[in-house]
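start-v8.txt (compact mmCIF, C-alpha atoms)
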# COMPACT_ATOMS: atom_id res chain seq x y z
CA VAL A 9 -29.85 5.84 -34.24
CA SER A 10 -31.68 2.59 -34.72
CA GLU A 11 -31.22 -0.34 -32.41
CA PRO A 12 -28.39 -2.53 -33.76
CA LEU A 13 -29.01 -6.19 -34.50
CA ARG A 14 -27.75 -8.66 -31.98
CA TRP A 15 -24.92 -10.82 -33.23
CA SER A 16 -27.10 -13.88 -32.73
CA GLU A 17 -29.51 -12.46 -35.32
CA ASP A 18 -27.00 -10.72 -37.55
CA PRO A 19 -25.74 -12.63 -40.62
CA ASN A 20 -22.77 -10.23 -40.75
CA ALA A 21 -21.69 -11.02 -37.21
CA PRO A 22 -18.01 -11.93 -36.93
CA ASP A 23 -17.06 -15.55 -37.17
CA GLY A 24 -17.20 -17.22 -33.77
CA ALA A 25 -19.52 -14.66 -32.20
CA GLU A 26 -21.83 -17.47 -31.12
CA ILE A 27 -19.54 -18.32 -28.22
CA PHE A 28 -21.02 -15.41 -26.28
CA ARG A 29 -24.43 -17.04 -26.31
CA ARG A 30 -23.04 -19.73 -24.03
CA LEU A 31 -22.30 -17.23 -21.27
CA ALA A 32 -24.63 -17.31 -18.31
CA PRO A 33 -26.67 -14.25 -17.33
CA PRO A 34 -25.95 -12.76 -13.89
CA PRO A 35 -26.85 -15.07 -11.02
CA MET A 36 -29.52 -14.02 -8.58
CA LEU A 37 -28.49 -12.20 -5.44
CA PRO A 38 -28.56 -14.83 -2.68
CA PRO A 39 -31.20 -14.16 -0.02
CA GLU A 40 -28.63 -14.01 2.77
CA LEU A 41 -26.94 -11.09 0.99
CA ARG A 42 -30.23 -9.32 0.43
CA ARG A 43 -30.43 -8.19 4.03
CA SER A 44 -28.92 -4.76 4.47
CA PRO A 45 -25.81 -4.87 6.60
CA THR A 46 -25.48 -2.56 9.57
CA PHE A 47 -23.25 0.37 8.89
CA ALA A 48 -21.58 2.13 11.77
CA ARG A 49 -22.24 5.82 11.66
CA PRO A 50 -19.06 7.65 10.76
CA ARG A 51 -18.15 9.74 13.74
CA GLY A 52 -16.38 13.02 13.51
CA ARG A 53 -13.73 13.91 16.02
CA SER A 54 -15.17 14.97 19.32
CA PRO A 55 -14.37 18.50 20.57
CA ALA A 56 -12.29 17.08 23.44
CA LEU A 57 -10.22 15.06 20.96
CA ARG A 58 -9.70 18.11 18.78
CA ILE A 59 -8.49 20.12 21.76
CA ALA A 60 -6.15 17.28 22.77
CA ILE A 61 -4.74 17.09 19.24
CA GLY A 62 -4.24 20.86 19.25
CA VAL A 63 -2.43 20.80 22.59
CA ILE A 64 -0.18 17.94 21.48
CA ALA A 65 0.62 19.68 18.20
CA ALA A 66 1.42 22.95 19.97
CA GLY A 67 3.61 21.07 22.46
CA ALA A 68 5.46 19.30 19.67
CA ILE A 69 6.11 22.59 17.87
CA GLY A 70 7.30 24.17 21.12
CA ILE A 71 9.69 21.31 21.83
CA GLY A 72 10.97 21.54 18.26
CA VAL A 73 11.67 25.25 18.66
CA LEU A 74 13.44 24.68 21.99
CA VAL A 75 15.57 21.88 20.61
CA THR A 76 16.54 23.97 17.60
CA ALA A 77 17.47 26.90 19.84
CA GLU A 78 19.49 24.63 22.11
CA LEU A 79 21.34 23.09 19.18
CA GLU A 80 22.38 26.50 18.00
CA TRP A 81 23.66 27.35 21.46
CA GLU A 82 27.11 25.93 22.00
CA PRO A 83 27.82 24.96 25.56
CA ARG A 84 31.59 25.26 25.32
CA SER A 85 32.45 24.00 28.74
CA GLU A 86 29.76 21.46 29.34
CA ILE A 87 31.70 18.29 28.83
CA VAL A 88 35.35 19.04 28.43
CA PRO A 89 37.14 21.71 30.36
CA GLU A 90 38.66 24.31 28.13
CA ARG A 91 42.22 23.30 28.95
CA GLU A 92 41.56 19.73 27.88
CA ARG A 93 40.81 20.85 24.39
CA GLU A 94 44.33 21.91 23.84
CA PRO A 95 46.32 19.44 21.81
CA ARG A 96 48.28 17.37 24.24
CA PRO A 97 51.20 15.77 22.49
CA VAL A 98 52.27 14.03 25.67
CA SER A 99 49.14 11.99 25.70
CA PHE A 100 50.30 9.68 22.90
CA GLY A 101 51.71 6.32 23.68
CA PRO A 102 49.54 3.57 25.00
CA LEU A 103 46.60 5.92 25.55
CA ALA A 104 46.66 7.64 22.18
CA ALA A 105 44.26 6.70 19.47
CA ARG A 106 45.76 4.67 16.68
CA ASP A 107 46.30 6.23 13.32
CA VAL A 108 43.95 5.29 10.51
CA GLU A 109 46.71 3.69 8.43
CA GLY A 110 46.95 0.89 10.98
CA PRO A 111 45.91 -2.72 10.33
CA GLU A 112 42.34 -3.19 9.22
CA VAL A 113 41.53 -6.06 11.55
CA ALA A 114 39.02 -5.72 14.32
CA GLN A 115 40.82 -5.00 17.52
CA GLU A 116 40.33 -6.50 20.89
CA PRO A 117 39.04 -4.21 23.62
CA SER A 118 42.64 -3.69 24.69
CA GLU A 119 43.19 -1.50 21.66
CA PRO A 120 45.69 1.23 22.33
CA ALA A 121 43.17 3.81 21.31
CA ILE A 122 41.22 3.04 24.38
CA GLU A 123 41.74 4.09 27.87
CA PRO A 124 40.58 1.18 29.96
CA ASP A 125 38.07 2.02 32.58
CA GLU A 126 40.53 2.94 35.20
CA ALA A 127 38.95 6.06 36.59
CA PRO A 128 36.01 4.86 38.68
CA VAL A 129 35.26 8.36 39.89
CA GLU A 130 34.94 9.57 36.34
CA ARG A 131 32.83 6.61 35.34
CA ALA A 132 30.47 7.18 38.18
CA ARG A 133 30.11 10.73 37.07
CA ALA A 134 29.71 9.94 33.42
CA PRO A 135 26.09 10.23 32.34
CA LYS A 136 24.53 7.05 31.06
CA LEU A 137 23.00 7.77 27.68
CA ARG A 138 21.97 11.15 28.93
CA ARG A 139 21.14 13.38 26.04
CA THR A 140 23.46 16.31 26.35
CA HIS A 141 25.32 18.24 23.75
CA PRO A 142 29.03 17.75 23.52
CA ALA A 143 30.96 20.92 22.93
CA ARG A 144 30.85 21.62 19.27
CA PRO A 145 34.46 21.92 18.18
CA ALA A 146 35.71 24.89 16.28
CA ALA A 147 36.58 24.20 12.65
CA GLY A 148 40.17 23.11 12.11
CA ALA A 149 40.69 22.17 15.72
CA THR A 150 39.12 18.73 15.66
CA GLY A 151 40.18 15.16 15.44
CA THR A 152 38.45 12.54 13.33
CA LEU A 153 37.34 9.25 14.77
CA LEU A 154 36.37 6.07 12.95
CA ILE A 155 34.25 3.69 14.99
CA ASN A 156 33.36 0.12 14.17
CA THR A 157 31.98 -2.66 16.32
CA ILE A 158 31.06 -6.30 16.02
CA PRO A 159 28.11 -6.61 16.09
CA TRP A 160 26.81 -3.26 14.90
CA SER A 161 25.73 -0.90 17.62
CA VAL A 162 24.36 2.50 18.46
CA VAL A 163 27.12 4.89 19.45
CA TYR A 164 26.85 7.56 22.10
CA VAL A 165 29.61 10.07 22.63
CA ASP A 166 29.44 11.94 25.89
CA GLY A 167 25.89 10.73 26.29
CA ARG A 168 24.77 11.97 22.91
CA ARG A 169 23.70 9.58 20.22
CA VAL A 170 25.89 10.05 17.18
CA GLY A 171 24.67 7.21 14.98
CA THR A 172 25.17 3.54 14.29
CA THR A 173 28.35 1.78 13.36
CA PRO A 174 30.24 1.93 11.15
CA ILE A 175 30.91 5.63 11.61
CA VAL A 176 33.66 6.64 9.25
CA ALA A 177 34.43 10.21 10.18
CA LEU A 178 33.19 11.62 13.44
CA GLU A 179 34.57 15.06 14.14
CA LEU A 180 35.33 15.48 17.81
CA ALA A 181 37.00 18.11 19.91
CA PRO A 182 40.41 17.15 21.16
CA GLY A 183 40.52 15.68 24.62
CA SER A 184 38.76 12.90 26.46
CA HIS A 185 35.36 11.64 25.47
CA ARG A 186 33.12 9.02 26.86
CA LEU A 187 32.20 6.45 24.22
CA VAL A 188 29.33 4.02 24.73
CA CYS A 189 28.42 1.40 22.14
CA GLU A 190 25.22 -0.51 22.61
CA SER A 191 24.07 -3.26 20.28
CA ALA A 192 20.48 -4.17 19.55
CA ASP A 193 20.70 -7.32 21.68
CA GLY A 194 21.98 -5.50 24.74
CA ARG A 195 25.73 -5.92 24.36
CA ARG A 196 27.48 -2.88 25.54
CA ALA A 197 30.95 -1.41 25.77
CA GLU A 198 32.08 1.78 27.44
CA ARG A 199 35.44 3.39 26.79
CA THR A 200 37.08 6.68 27.42
CA ILE A 201 38.87 7.86 24.31
CA ARG A 202 41.29 10.65 23.75
CA ILE A 203 41.18 12.67 20.57
CA VAL A 204 44.14 14.61 19.23
CA ALA A 205 43.53 17.63 17.05
CA GLY A 206 44.13 17.14 13.37
CA GLU A 207 44.58 13.40 13.63
CA ARG A 208 42.47 10.53 12.45
CA SER A 209 41.90 7.79 14.94
CA ARG A 210 40.10 4.52 14.80
CA ILE A 211 38.51 2.26 17.30
CA SER A 212 37.20 -1.24 16.69
CA LEU A 213 35.40 -3.12 19.40
CA ARG A 214 34.00 -6.56 19.82
CA LEU A 215 30.99 -6.19 22.09
CA ASP A 216 30.71 -8.81 24.78
CA ALA A 217 27.55 -10.68 25.46
CA PRO A 218 25.55 -9.24 28.33
CA PRO A 219 26.23 -10.96 31.62
CA VAL B 11 -36.80 17.53 -3.47
CA ASN B 12 -37.67 13.92 -3.62
CA ARG B 13 -35.92 12.40 -6.60
CA ALA B 14 -37.05 8.87 -5.99
CA ASP B 15 -35.63 6.31 -8.30
CA ASP B 16 -38.50 4.43 -9.89
CA ALA B 17 -36.62 1.14 -9.80
CA GLY B 18 -35.59 1.23 -6.20
CA ALA B 19 -37.93 3.87 -4.75
CA LEU B 20 -34.96 5.28 -2.92
CA PRO B 21 -35.20 8.91 -2.00
CA PHE B 22 -31.88 10.63 -2.47
CA ALA B 23 -32.26 14.28 -1.81
CA GLY B 24 -29.33 16.22 -3.18
CA ALA B 25 -27.86 17.55 0.05
CA ALA B 26 -28.71 14.79 2.49
CA PRO B 27 -25.97 12.20 2.99
CA LEU B 28 -26.75 8.78 1.61
CA ASP B 29 -27.86 6.04 3.91
CA ALA B 30 -25.80 3.04 2.84
CA ALA B 31 -28.32 0.58 4.29
CA ALA B 32 -31.14 2.15 2.25
CA VAL B 33 -28.98 2.13 -0.87
CA HIS B 34 -28.24 -1.53 -0.23
CA ALA B 35 -31.90 -2.39 0.17
CA ALA B 36 -32.78 -0.66 -3.08
CA HIS B 37 -29.82 -1.44 -5.31
CA ALA B 38 -28.09 -4.60 -4.09
CA ASP B 39 -29.51 -6.56 -7.05
CA PHE B 40 -28.28 -3.98 -9.51
CA VAL B 41 -24.80 -3.89 -7.97
CA TRP B 42 -24.67 -7.69 -7.89
CA ALA B 43 -25.61 -7.98 -11.57
CA SER B 44 -23.28 -5.11 -12.54
CA LEU B 45 -20.31 -6.74 -10.83
CA HIS B 46 -21.01 -9.94 -12.73
CA ARG B 47 -21.29 -8.04 -15.99
CA LEU B 48 -17.98 -6.38 -15.24
CA GLY B 49 -16.30 -9.75 -15.04
CA ILE B 50 -16.18 -10.55 -11.33
CA ARG B 51 -16.22 -14.29 -10.84
CA PRO B 52 -19.22 -15.70 -8.97
CA ALA B 53 -17.02 -16.84 -6.08
CA ASP B 54 -15.81 -13.27 -5.54
CA LEU B 55 -19.17 -11.53 -5.97
CA PRO B 56 -20.14 -11.43 -2.26
CA ASP B 57 -16.80 -9.83 -1.33
CA LEU B 58 -17.02 -7.23 -4.05
CA LEU B 59 -20.66 -6.50 -3.20
CA GLN B 60 -19.60 -5.73 0.33
CA GLU B 61 -16.71 -3.57 -0.88
CA VAL B 62 -19.09 -1.50 -3.01
CA PHE B 63 -21.28 -0.70 -0.03
CA VAL B 64 -18.30 0.03 2.17
CA VAL B 65 -17.36 2.67 -0.41
CA VAL B 66 -20.95 3.94 -0.48
CA HIS B 67 -20.91 4.22 3.29
CA ARG B 68 -17.57 6.00 3.36
CA ARG B 69 -18.16 8.33 0.47
CA GLY B 70 -21.89 8.81 0.80
CA ASP B 71 -21.32 12.45 1.65
CA SER B 72 -19.59 13.09 -1.64
CA PHE B 73 -22.57 12.01 -3.75
CA ASP B 74 -24.17 15.31 -4.69
CA GLY B 75 -27.20 13.95 -6.54
CA SER B 76 -26.14 15.57 -9.81
CA SER B 77 -26.07 12.18 -11.52
CA GLU B 78 -28.27 9.17 -11.20
CA LEU B 79 -27.51 7.10 -8.15
CA ARG B 80 -27.14 4.01 -10.34
CA THR B 81 -24.55 5.76 -12.49
CA TRP B 82 -22.58 6.57 -9.36
CA LEU B 83 -22.91 3.02 -8.07
CA PHE B 84 -21.90 1.64 -11.44
CA GLY B 85 -18.85 3.90 -11.38
CA ILE B 86 -17.85 2.44 -8.02
CA CYS B 87 -18.34 -1.07 -9.42
CA VAL B 88 -16.14 -0.22 -12.43
CA GLY B 89 -13.36 1.10 -10.19
CA LEU B 90 -13.43 -1.96 -7.97
CA ALA B 91 -13.59 -4.27 -11.00
CA ARG B 92 -10.48 -2.58 -12.43
CA ASN B 93 -8.60 -3.13 -9.16
CA TYR B 94 -9.85 -6.70 -9.11
CA ARG B 95 -8.49 -7.37 -12.57
CA LYS B 96 -5.14 -5.81 -11.70
CA LYS B 97 -4.50 -8.42 -9.04
CA ALA B 98 -2.44 -10.98 -10.81
CA PHE B 99 -3.39 -13.88 -8.61
CA ARG B 100 -6.98 -13.69 -9.82
CA ARG B 101 -5.85 -14.49 -13.32
CA ASN B 102 -4.17 -17.64 -12.14
CA GLU B 103 -7.03 -18.82 -9.97
CA ARG B 104 -9.42 -21.51 -11.11
CA PRO B 105 -12.87 -21.50 -9.53
CA LEU B 106 -13.51 -24.57 -7.42
CA GLU B 107 -17.21 -24.82 -8.10
CA ARG B 108 -18.16 -27.48 -10.57
CA GLU B 109 -19.64 -26.30 -13.77
CA GLN B 110 -23.05 -27.64 -14.49
CA THR B 111 -22.76 -30.68 -16.69
CA SER B 112 -25.21 -32.83 -18.50
CA ASP B 113 -24.59 -36.50 -19.13
CA GLU B 114 -26.20 -36.43 -22.55
CA ASP B 115 -23.34 -35.51 -24.82
CA PRO B 116 -19.88 -35.28 -23.28
CA GLU B 117 -18.26 -34.02 -26.46
CA ARG B 118 -20.65 -31.19 -26.79
CA GLU B 119 -20.24 -30.45 -23.12
CA ILE B 120 -16.48 -30.05 -23.57
CA ALA B 121 -16.92 -27.90 -26.66
CA ASP B 122 -19.35 -25.70 -24.73
CA ARG B 123 -16.97 -25.34 -21.86
CA LEU B 124 -14.06 -24.41 -24.14
CA ALA B 125 -16.22 -21.86 -25.93
CA ARG B 126 -17.29 -20.37 -22.59
CA ARG B 127 -13.68 -20.09 -21.46
CA ALA B 128 -12.71 -18.43 -24.74
CA ALA B 129 -15.58 -15.95 -24.44
CA GLU B 130 -14.61 -15.12 -20.86
CA ARG B 131 -10.99 -14.65 -21.83
CA ILE B 132 -11.92 -12.32 -24.68
CA LEU B 133 -14.20 -10.29 -22.41
CA GLU B 134 -11.45 -10.01 -19.82
CA ARG B 135 -9.37 -8.09 -22.31
CA ILE B 136 -11.76 -5.26 -23.03
CA ASP B 137 -12.55 -2.25 -20.90
CA PRO B 138 -14.98 -3.08 -18.04
CA GLU B 139 -17.47 -0.36 -18.99
CA LYS B 140 -17.67 -1.57 -22.59
CA ARG B 141 -17.79 -5.14 -21.39
CA ALA B 142 -20.83 -4.43 -19.22
CA VAL B 143 -22.74 -2.86 -22.11
CA PHE B 144 -21.78 -5.71 -24.43
CA VAL B 145 -22.82 -8.38 -21.92
CA MET B 146 -26.13 -6.67 -21.23
CA PHE B 147 -26.86 -6.42 -24.94
CA GLU B 148 -25.59 -9.74 -26.28
CA VAL B 149 -25.94 -12.06 -23.29
CA GLU B 150 -28.80 -10.60 -21.32
CA GLN B 151 -30.57 -9.44 -24.49
CA LEU B 152 -31.49 -6.04 -23.07
CA SER B 153 -32.29 -3.22 -25.47
CA CYS B 154 -30.08 -0.16 -25.68
CA PRO B 155 -32.65 2.14 -23.96
CA GLU B 156 -33.00 -0.43 -21.18
CA ILE B 157 -29.24 -0.52 -20.72
CA ALA B 158 -29.11 3.27 -20.72
CA HIS B 159 -31.76 3.39 -18.04
CA ALA B 160 -30.16 0.69 -15.94
CA LEU B 161 -26.74 2.30 -16.00
CA GLY B 162 -27.96 5.88 -15.88
CA LEU B 163 -26.26 6.69 -19.17
CA PRO B 164 -27.42 8.53 -22.29
CA VAL B 165 -28.52 6.09 -25.00
CA GLY B 166 -25.87 7.52 -27.32
CA THR B 167 -23.15 6.50 -24.87
CA VAL B 168 -24.57 2.98 -24.81
CA TYR B 169 -24.48 2.80 -28.62
CA SER B 170 -20.92 4.07 -28.81
CA ARG B 171 -19.69 1.70 -26.08
CA LEU B 172 -21.45 -1.23 -27.76
CA HIS B 173 -19.95 -0.31 -31.11
CA SER B 174 -16.49 0.06 -29.67
CA ALA B 175 -16.77 -3.20 -27.68
CA ARG B 176 -17.88 -5.09 -30.77
CA ALA B 177 -14.99 -3.75 -32.84
CA GLU B 178 -12.45 -4.84 -30.21
CA ILE B 179 -14.13 -8.21 -29.71
CA ALA B 180 -14.22 -8.89 -33.46
CA VAL B 181 -10.44 -8.46 -33.59
CA LEU B 182 -9.93 -10.71 -30.57
CA LEU B 183 -12.31 -13.31 -32.01
CA ALA B 184 -10.39 -13.41 -35.29
CA ARG B 185 -7.14 -13.84 -33.35
CA TRP B 186 -8.66 -16.64 -31.29
CA LYS B 187 -9.98 -18.46 -34.35
CA LYS B 188 -6.61 -18.23 -36.01
CA LYS B 189 -4.81 -19.51 -32.94
CA GLU B 190 -7.21 -22.41 -32.53
CA GLY B 191 -6.95 -23.22 -36.22
CA LEU B 192 -10.70 -23.11 -36.59
As C-alpha cells:
Amino acid sequence: VSEPLRWSEDPNAPDGAEIFRRLAPPPMLPPELRRSPTFARPRGRSPALRIAIGVIAAGAIGIGVLVTAELEWEPRSEIVPEREREPRPVSFGPLAARDVEGPEVAQEPSEPAIEPDEAPVERARAPKLRRTHPARPAAGATGTLLINTIPWSVVYVDGRRVGTTPIVALELAPGSHRLVCESADGRRAERTIRIVAGERSRISLRLDAPP
Amino acid sequence: VNRADDAGALPFAGAAPLDAAAVHAAHADFVWASLHRLGIRPADLPDLLQEVFVVVHRRGDSFDGSSELRTWLFGICVGLARNYRKKAFRRNERPLEREQTSDEDPEREIADRLARRAAERILERIDPEKRAVFVMFEVEQLSCPEIAHALGLPVGTVYSRLHSARAEIAVLLARWKKKEGL
C-alpha cells in the first residue's frame, strides 16, 4: 500500500479539509511534569492481616450458624407463660386492643389497646431492647397487630426488633407483650399490649419528645 | 531478555513487573502527545497524564510484554480519553486560557478561530483511536510507518484507521459546510 496523499496536498480532498491545518500540534510536556513522580510500592496483605481476616471470617460464619440454629429452636415458654397464650375473652374492655375497623386517626397514648404502665414490677423485669426471641406462635392461634407511630420509629416486641413503623400485620401470640417504639431522634414509648387470638388489633402512638 | 525500546531505552522484561517511575521517565512525552491527539484539552492534560501513570502503577503486573509497551500505554490513554469524553460537563466547559491572537488582521483571526473550533468539534465526534491516527497524519505530518512505530501498530492498521477516519470526517465536513451555508 502506498502512502496516501495528505489532504493539504490532495486536489481531491473534501471541501473544507483545510480547517485541520489550523489545529496546533501537541504542546511540549512541561518541565515540571517531566520529573517522575514517586509511586508507593503496592503492598500485599501481611501474613498477620491474612490470619486476622481468616479468624474474623470464621467467627462470622460461626455466629451465623448459631443464630440460624437458635432461630429454628422455638423457646415456647421464654416470654409468655403457656397459660397466658390461651385466648382470654375476659380481657376485653378497656385493656383489649381495638379492632382494625376503628377510626383511622392517630390515637393518643391513652388508646384502649394499651395497658398503661401500671405494673412497675413487670416493667423493671422487662428487658430493655434485649435481643431475645419471642415465642413463635403456632399457626392459626395468633393475633394480628398493626402498629403506627408519629414520628416513625423502630419497634421492639418483647425486646426483639420487629421492624420500623408502619407495621401492617405483625403476627403475635395471644397474651401480653412488651412493645417499645423508639424514634431516630430518641423519642420513646413503652406499652404493654394484649393480643387476642384471631383478632386484628391496632395501636397508634404519638411519641413524646425526650425529657 | 532485554527488549529495550529504542525510543525510550526502557527495559521491560516480560515477567518482571513494570516500574511506573521508569515508564514515566521514558514515555511521559509520548503519553502527553497521545492524550492531546486523543482530544484531551490542554488544561486537562496534566490530570490525565497522572491518571495514565496511576493505571500503569496499579496494573503494571498485568503487562505481559507480549505487545509493545507504547501500544499498551496508548490503549490506556484511549480508555481514559473515552471516559473523559463521556463526562458531559467537559462538553459544556470553555477553556479559560486565551487563544493566541495577532493584532494584524482581526477578521482573519476570527475566521481562524471559528475554523479551529469546527475542526475540534468534528474530531470530537470520531473514535479516539482513529482521531489519533488522523491528527498524527494530517496535523503533525507524520508518515504512516512513523505513526505505526509510535503507536506500536502494524502499518496496515494505521492505513485502515486513517481511511476510515477520513471517510467519517468527509461526511461531517459536508454536513458542517451545509449548516454554515458555505
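Residue nearest chain A, chosen from B:Leu83, B:Leu133, B:Val149, B:Leu48 and counting all atoms listed in the file: B:Val149.
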Taking 3 positions as the minimum chain separation for residues in the same chain, which residues sit within 7 Å of range 58-61 of chain B when counting only C-alpha atoms? Answer as a PyMOL selection string. chain B and resi 41-42+54-55+64-65
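Within 7 Å of chain A, and counting only C-alpha atoms, chain B contributes Ala31, His34, Ala35, Ala38, Asp39, Trp42, Ala43, His46, Arg47, Ala125, Arg126, Ala129, Glu148, Val149, Glu150, Cys154, Ala180 and Leu183 of chain B.
Atom to atom, CA of Ala181 in chain A and CA of Arg169 in chain A stand 15.8 Å apart.
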Please indicate the distance in Å from CA of Ala68 in chain A to CA of Ser54 in chain A, rounded to one decimal place. 21.1 Å
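Pairwise distance (CA of Arg185 in chain B, CA of Ile132 in chain B) equals 10.0 Å.
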For a cut-off of 7 Å around (23.5, -8.2, 16.0), file coordinates, pick out all residues using only C-alpha atoms and list them as number ranges by chain. A: 159-160, 191-193
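When all atoms listed in the file are used to measure the gap to Phe144 in chain B, the shortest distance among B:Ala175, B:Val181, B:Leu28, B:Val33 belongs to B:Ala175.
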Neighbours of range 93-96 of chain B within 9 Å (all atoms listed in the file; same-chain residues fewer than 6 positions away dropped), as a PyMOL selection string? chain B and resi 49-50+58+134
Spatial sel., origin (36.8, 6.2, 16.8), limit 6 Å, all atoms listed in the file, listed as a list of chain:residue names: A:Leu153, A:Leu154, A:Ile155, A:Ser209, A:Arg210, A:Ile211
So that all listed atoms of range 150-156 of chain B fit with 4 Å spare on each side, what axis-aligned box centre and edge lengths in Å, to one decimal, would you give as AutoDock Vina command-line options?
--center_x -30.9 --center_y -4.2 --center_z -23.4 --size_x 12.2 --size_y 20.7 --size_z 12.5
Can range 72-84 of chain B be brought up to N, CA, C and O atoms and written out as a tab-separated table (two decimals), in the coordinates of the input?
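Saved file part-v2.tsv follows:
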chain	number	residue	atom	x	y	z
B	72	SER	N	-20.09	12.44	-0.42
B	72	SER	CA	-19.59	13.09	-1.64
B	72	SER	C	-20.56	12.94	-2.81
B	72	SER	O	-20.33	13.54	-3.86
B	73	PHE	N	-21.60	12.13	-2.65
B	73	PHE	CA	-22.57	12.01	-3.75
B	73	PHE	C	-23.49	13.22	-3.70
B	73	PHE	O	-24.22	13.43	-2.73
B	74	ASP	N	-23.44	14.04	-4.75
B	74	ASP	CA	-24.17	15.31	-4.69
B	74	ASP	C	-25.52	15.24	-5.38
B	74	ASP	O	-26.24	16.23	-5.43
B	75	GLY	N	-25.90	14.08	-5.91
B	75	GLY	CA	-27.20	13.95	-6.54
B	75	GLY	C	-27.25	14.53	-7.94
B	75	GLY	O	-28.32	14.58	-8.54
B	76	SER	N	-26.10	14.98	-8.47
B	76	SER	CA	-26.14	15.57	-9.81
B	76	SER	C	-26.25	14.49	-10.88
B	76	SER	O	-26.62	14.76	-12.00
B	77	SER	N	-25.89	13.27	-10.55
B	77	SER	CA	-26.07	12.18	-11.52
B	77	SER	C	-27.03	11.17	-10.91
B	77	SER	O	-27.39	11.27	-9.74
B	78	GLU	N	-27.40	10.21	-11.74
B	78	GLU	CA	-28.27	9.17	-11.20
B	78	GLU	C	-27.49	8.34	-10.21
B	78	GLU	O	-26.30	8.09	-10.39
B	79	LEU	N	-28.18	7.90	-9.17
B	79	LEU	CA	-27.51	7.10	-8.15
B	79	LEU	C	-26.91	5.83	-8.77
B	79	LEU	O	-25.81	5.42	-8.42
B	80	ARG	N	-27.64	5.26	-9.73
B	80	ARG	CA	-27.14	4.01	-10.34
B	80	ARG	C	-25.86	4.25	-11.13
B	80	ARG	O	-24.98	3.40	-11.17
B	81	THR	N	-25.78	5.43	-11.77
B	81	THR	CA	-24.55	5.76	-12.49
B	81	THR	C	-23.39	5.82	-11.52
B	81	THR	O	-22.29	5.32	-11.79
B	82	TRP	N	-23.65	6.45	-10.38
B	82	TRP	CA	-22.58	6.57	-9.36
B	82	TRP	C	-22.19	5.19	-8.84
B	82	TRP	O	-21.01	4.88	-8.74
B	83	LEU	N	-23.20	4.37	-8.56
B	83	LEU	CA	-22.91	3.02	-8.07
B	83	LEU	C	-22.14	2.22	-9.12
B	83	LEU	O	-21.19	1.50	-8.81
B	84	PHE	N	-22.57	2.38	-10.37
B	84	PHE	CA	-21.90	1.64	-11.44
B	84	PHE	C	-20.45	2.09	-11.56
B	84	PHE	O	-19.55	1.27	-11.79
